[in-house]
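Shown next: model_21.pdb, containing PDB, C-alpha atoms.
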ATOM      1  CA  MET A   1       0.000   0.000   0.000  1.00  0.00           C
ATOM      2  CA  GLU A   2       1.374   3.389  -0.980  1.00  0.00           C
ATOM      3  CA  GLU A   3       2.185   5.581   1.991  1.00  0.00           C
ATOM      4  CA  LEU A   4       1.176   9.228   1.826  1.00  0.00           C
ATOM      5  CA  ALA A   5       3.788  11.876   2.471  1.00  0.00           C
ATOM      6  CA  ARG A   6       3.436  13.586   5.827  1.00  0.00           C
ATOM      7  CA  LEU A   7       1.584  16.852   5.591  1.00  0.00           C
ATOM      8  CA  LYS A   8       2.686  20.049   7.243  1.00  0.00           C
ATOM      9  CA  LEU A   9       1.044  23.403   7.527  1.00  0.00           C
ATOM     10  CA  LEU A  10       3.252  26.173   6.188  1.00  0.00           C
ATOM     11  CA  VAL A  11       2.343  29.580   7.616  1.00  0.00           C
ATOM     12  CA  THR A  12       3.660  32.634   5.780  1.00  0.00           C
ATOM     13  CA  ILE A  13       3.070  36.096   7.217  1.00  0.00           C
ATOM     14  CA  THR A  14       4.038  39.009   5.000  1.00  0.00           C
ATOM     15  CA  ASP A  15       2.868  42.423   3.848  1.00  0.00           C
ATOM     16  CA  ARG A  16      -0.635  42.264   2.364  1.00  0.00           C
ATOM     17  CA  PRO A  17       0.402  43.053  -1.220  1.00  0.00           C
ATOM     18  CA  LYS A  18       2.767  40.049  -1.196  1.00  0.00           C
ATOM     19  CA  GLY A  19       0.205  37.504   0.017  1.00  0.00           C
ATOM     20  CA  GLU A  20      -0.913  36.607  -3.492  1.00  0.00           C
ATOM     21  CA  THR A  21       2.713  36.274  -4.564  1.00  0.00           C
ATOM     22  CA  ALA A  22       3.310  33.768  -1.760  1.00  0.00           C
ATOM     23  CA  ALA A  23       0.341  31.663  -2.914  1.00  0.00           C
ATOM     24  CA  ARG A  24       1.577  31.767  -6.538  1.00  0.00           C
ATOM     25  CA  ILE A  25       5.053  30.611  -5.473  1.00  0.00           C
ATOM     26  CA  CYS A  26       3.534  27.594  -3.712  1.00  0.00           C
ATOM     27  CA  ALA A  27       1.241  26.828  -6.645  1.00  0.00           C
ATOM     28  CA  GLY A  28       4.202  26.996  -9.012  1.00  0.00           C
ATOM     29  CA  LEU A  29       5.798  24.160  -7.048  1.00  0.00           C
ATOM     30  CA  GLY A  30       2.676  22.019  -7.276  1.00  0.00           C
ATOM     31  CA  VAL A  31       1.016  22.831  -3.961  1.00  0.00           C
ATOM     32  CA  GLN A  32      -2.524  23.983  -4.649  1.00  0.00           C
ATOM     33  CA  PHE A  33      -4.163  24.264  -1.219  1.00  0.00           C
ATOM     34  CA  HIS A  34      -3.842  27.756   0.248  1.00  0.00           C
ATOM     35  CA  LEU A  35      -5.962  29.824   2.554  1.00  0.00           C
ATOM     36  CA  GLY A  36      -5.311  33.536   2.689  1.00  0.00           C
ATOM     37  CA  ILE A  37      -6.313  35.527   5.735  1.00  0.00           C
ATOM     38  CA  LEU A  38      -6.009  39.261   6.181  1.00  0.00           C
ATOM     39  CA  GLY A  39      -4.244  40.060   9.412  1.00  0.00           C
ATOM     40  CA  LYS A  40      -3.867  43.163  11.495  1.00  0.00           C
ATOM     41  CA  GLY A  41      -1.222  43.142  14.160  1.00  0.00           C
ATOM     42  CA  THR A  42      -1.899  44.307  17.680  1.00  0.00           C
ATOM     43  CA  ALA A  43       1.592  43.840  19.072  1.00  0.00           C
ATOM     44  CA  SER A  44       3.599  46.759  20.410  1.00  0.00           C
ATOM     45  CA  SER A  45       6.224  48.274  18.140  1.00  0.00           C
ATOM     46  CA  GLU A  46       8.935  46.632  20.283  1.00  0.00           C
ATOM     47  CA  VAL A  47       7.499  43.176  19.594  1.00  0.00           C
ATOM     48  CA  LEU A  48       7.101  44.019  15.899  1.00  0.00           C
ATOM     49  CA  ASP A  49      10.757  45.054  15.764  1.00  0.00           C
ATOM     50  CA  VAL A  50      11.886  41.758  17.342  1.00  0.00           C
ATOM     51  CA  LEU A  51       9.819  39.740  14.848  1.00  0.00           C
ATOM     52  CA  GLY A  52      10.942  41.865  11.919  1.00  0.00           C
ATOM     53  CA  LEU A  53       7.409  42.988  11.097  1.00  0.00           C
ATOM     54  CA  GLY A  54       7.377  46.672  10.215  1.00  0.00           C
ATOM     55  CA  GLU A  55       3.716  47.389   9.519  1.00  0.00           C
ATOM     56  CA  THR A  56       0.566  45.925  11.005  1.00  0.00           C
ATOM     57  CA  ASP A  57      -1.497  45.080   7.860  1.00  0.00           C
ATOM     58  CA  LYS A  58      -0.448  41.556   6.938  1.00  0.00           C
ATOM     59  CA  ALA A  59      -1.440  38.619   4.792  1.00  0.00           C
ATOM     60  CA  VAL A  60      -1.387  35.244   6.530  1.00  0.00           C
ATOM     61  CA  ILE A  61      -1.127  32.426   3.985  1.00  0.00           C
ATOM     62  CA  LEU A  62      -1.819  28.895   5.235  1.00  0.00           C
ATOM     63  CA  THR A  63      -0.503  26.227   2.871  1.00  0.00           C
ATOM     64  CA  LEU A  64      -0.998  22.494   3.264  1.00  0.00           C
ATOM     65  CA  ALA A  65       2.083  20.822   1.779  1.00  0.00           C
ATOM     66  CA  PRO A  66       3.760  17.415   1.735  1.00  0.00           C
ATOM     67  CA  GLU A  67       6.935  17.376   3.813  1.00  0.00           C
ATOM     68  CA  PRO A  68       9.298  16.501   0.912  1.00  0.00           C
ATOM     69  CA  LEU A  69       8.346  19.733  -0.929  1.00  0.00           C
ATOM     70  CA  LEU A  70       8.915  22.037   2.045  1.00  0.00           C
ATOM     71  CA  PRO A  71      12.626  22.790   1.502  1.00  0.00           C
ATOM     72  CA  ALA A  72      11.969  23.984  -2.060  1.00  0.00           C
ATOM     73  CA  ILE A  73       8.868  25.957  -1.078  1.00  0.00           C
ATOM     74  CA  LYS A  74      10.538  27.612   1.909  1.00  0.00           C
ATOM     75  CA  GLY A  75      13.644  28.414  -0.131  1.00  0.00           C
ATOM     76  CA  ASP A  76      11.645  30.105  -2.879  1.00  0.00           C
ATOM     77  CA  LEU A  77       9.466  32.028  -0.405  1.00  0.00           C
ATOM     78  CA  VAL A  78      12.468  33.275   1.566  1.00  0.00           C
ATOM     79  CA  ARG A  79      14.297  34.324  -1.594  1.00  0.00           C
ATOM     80  CA  MET A  80      11.427  35.844  -3.567  1.00  0.00           C
ATOM     81  CA  LEU A  81       9.717  37.587  -0.644  1.00  0.00           C
ATOM     82  CA  ARG A  82      13.098  38.608   0.837  1.00  0.00           C
ATOM     83  CA  LEU A  83      12.117  37.182   4.220  1.00  0.00           C
ATOM     84  CA  ARG A  84      15.702  37.308   5.494  1.00  0.00           C
ATOM     85  CA  HIS A  85      15.446  41.104   5.553  1.00  0.00           C
ATOM     86  CA  PRO A  86      13.900  42.793   8.601  1.00  0.00           C
ATOM     87  CA  GLY A  87      10.293  43.848   8.168  1.00  0.00           C
ATOM     88  CA  LYS A  88       9.541  41.557   5.205  1.00  0.00           C
ATOM     89  CA  GLY A  89       7.727  38.797   7.121  1.00  0.00           C
ATOM     90  CA  ILE A  90       8.186  35.357   8.609  1.00  0.00           C
ATOM     91  CA  LEU A  91       7.325  31.753   7.856  1.00  0.00           C
ATOM     92  CA  PHE A  92       7.138  28.584   9.905  1.00  0.00           C
ATOM     93  CA  THR A  93       5.750  25.063   9.664  1.00  0.00           C
ATOM     94  CA  LEU A  94       3.500  23.036  11.931  1.00  0.00           C
ATOM     95  CA  PRO A  95       3.188  19.243  11.777  1.00  0.00           C
ATOM     96  CA  LEU A  96      -0.229  17.816  11.049  1.00  0.00           C
ATOM     97  CA  SER A  97       0.297  14.411  12.605  1.00  0.00           C
ATOM     98  CA  GLY A  98      -3.441  13.937  13.155  1.00  0.00           C
ATOM     99  CA  VAL A  99      -4.233  13.939   9.412  1.00  0.00           C
ATOM    100  CA  ARG A 100      -4.328  10.345   8.195  1.00  0.00           C
ATOM    101  CA  ARG A 101      -5.726   8.419   5.289  1.00  0.00           C
ATOM    102  CA  ARG A 102      -8.474   5.911   6.048  1.00  0.00           C
ATOM    103  CA  ALA A 103      -8.078   2.423   4.651  1.00  0.00           C
TER
END
As structure tokens, please, write out the structure in this file.
Amino acid sequence: MEELARLKLLVTITDRPKGETAARICAGLGVQFHLGILGKGTASSEVLDVLGLGETDKAVILTLAPEPLLPAIKGDLVRMLRLRHPGKGILFTLPLSGVRRRA
């Protein structure tokens, strides 16, 4: 029986205008499930500075992706959205160990 790749939830938080770009990057690598949420930060400016988030209007893109594709997806997102630069956004993954295929 073919085993499914483990799924992870990739969360990308960036400036609102770049939210659609993040979804297109993922789709270009074959991952089609995205959920975009408009976010508005409520953190103090000190917390925003620590997280590298300059403004408070954000796009939160939730992407369900198989684990083997994550290095390529994360690499492209970091490079194309310039996430290594302060104030450009962040991304992280969460395991979805409870998602399983029924036999």
Do you have the CA of Asp15 (chain A)-CA of Ser97 (chain A) distance handy? 29.5 Å
Quick one: pull the distance between CA of Arg24 (chain A) and CA of Gly75 (chain A), Å, one decimal.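 CA of Arg24 (chain A) sits 14.1 Å away from CA of Gly75 (chain A).
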Which residue is closest to His34 (chain A)? Choose from A:Ile61, A:Lys8, A:Leu77, A:Pro17 and count all atoms listed in the file. A:Ile61
Could you check how far CA of Thr12 (chain A) sits from CA of Gly36 (chain A), in Å to one decimal?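 Spanning CA of Thr12 (chain A) to CA of Gly36 (chain A) is a straight-line distance of 9.5 Å.
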Using all atoms listed in the file, which protein or nucleic acid residues come within 8 Å of Leu9 (chain A)? Drop anything in the same chain fewer than 3 positions from it, and give the result as a list in words. Leu62, Thr63, Leu64, Ala65, Thr93, Leu94, Pro95 and Leu96 of chain A
Selection result for the PyMOL selection byres ((chain A and resi 78) around 12) on this file, as a short mmCIF file (atom, residue, chain, number, x, y, z; two decimals) with C-alpha atoms, in the frame of the given file:
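And here is the file that came out, result.cif:
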data_model
loop_
_atom_site.label_atom_id
_atom_site.label_comp_id
_atom_site.auth_asym_id
_atom_site.auth_seq_id
_atom_site.Cartn_x
_atom_site.Cartn_y
_atom_site.Cartn_z
CA THR A 12 3.66 32.63 5.78
CA ILE A 13 3.07 36.10 7.22
CA THR A 14 4.04 39.01 5.00
CA THR A 21 2.71 36.27 -4.56
CA ALA A 22 3.31 33.77 -1.76
CA ILE A 25 5.05 30.61 -5.47
CA CYS A 26 3.53 27.59 -3.71
CA LEU A 70 8.91 22.04 2.04
CA PRO A 71 12.63 22.79 1.50
CA ALA A 72 11.97 23.98 -2.06
CA ILE A 73 8.87 25.96 -1.08
CA LYS A 74 10.54 27.61 1.91
CA GLY A 75 13.64 28.41 -0.13
CA ASP A 76 11.64 30.10 -2.88
CA LEU A 77 9.47 32.03 -0.40
CA ARG A 79 14.30 34.32 -1.59
CA MET A 80 11.43 35.84 -3.57
CA LEU A 81 9.72 37.59 -0.64
CA ARG A 82 13.10 38.61 0.84
CA LEU A 83 12.12 37.18 4.22
CA ARG A 84 15.70 37.31 5.49
CA HIS A 85 15.45 41.10 5.55
CA PRO A 86 13.90 42.79 8.60
CA LYS A 88 9.54 41.56 5.20
CA GLY A 89 7.73 38.80 7.12
CA ILE A 90 8.19 35.36 8.61
CA LEU A 91 7.32 31.75 7.86
CA PHE A 92 7.14 28.58 9.90
#
So which one's closest to Leu35 (chain A), A:Ala23, A:Lys18, A:Asp57, A:Pro66? Using only C-alpha atoms, please. A:Ala23
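Among A:Ala59, A:Val50, A:Leu10, A:Leu69, the residue with the shortest atom-to-atom distance to Ile37 (chain A), counting only C-alpha atoms, is A:Ala59.
The smallest atom-to-atom distance between Pro68 (chain A) and any of A:Phe33, A:Arg6, A:Gly87, A:Gly19, using only C-alpha atoms, is found for A:Arg6.
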Using only C-alpha atoms, which of A:Leu38, A:Gln32, A:Leu7, A:Glu20 sits nearest Val60 (chain A)? A:Leu38
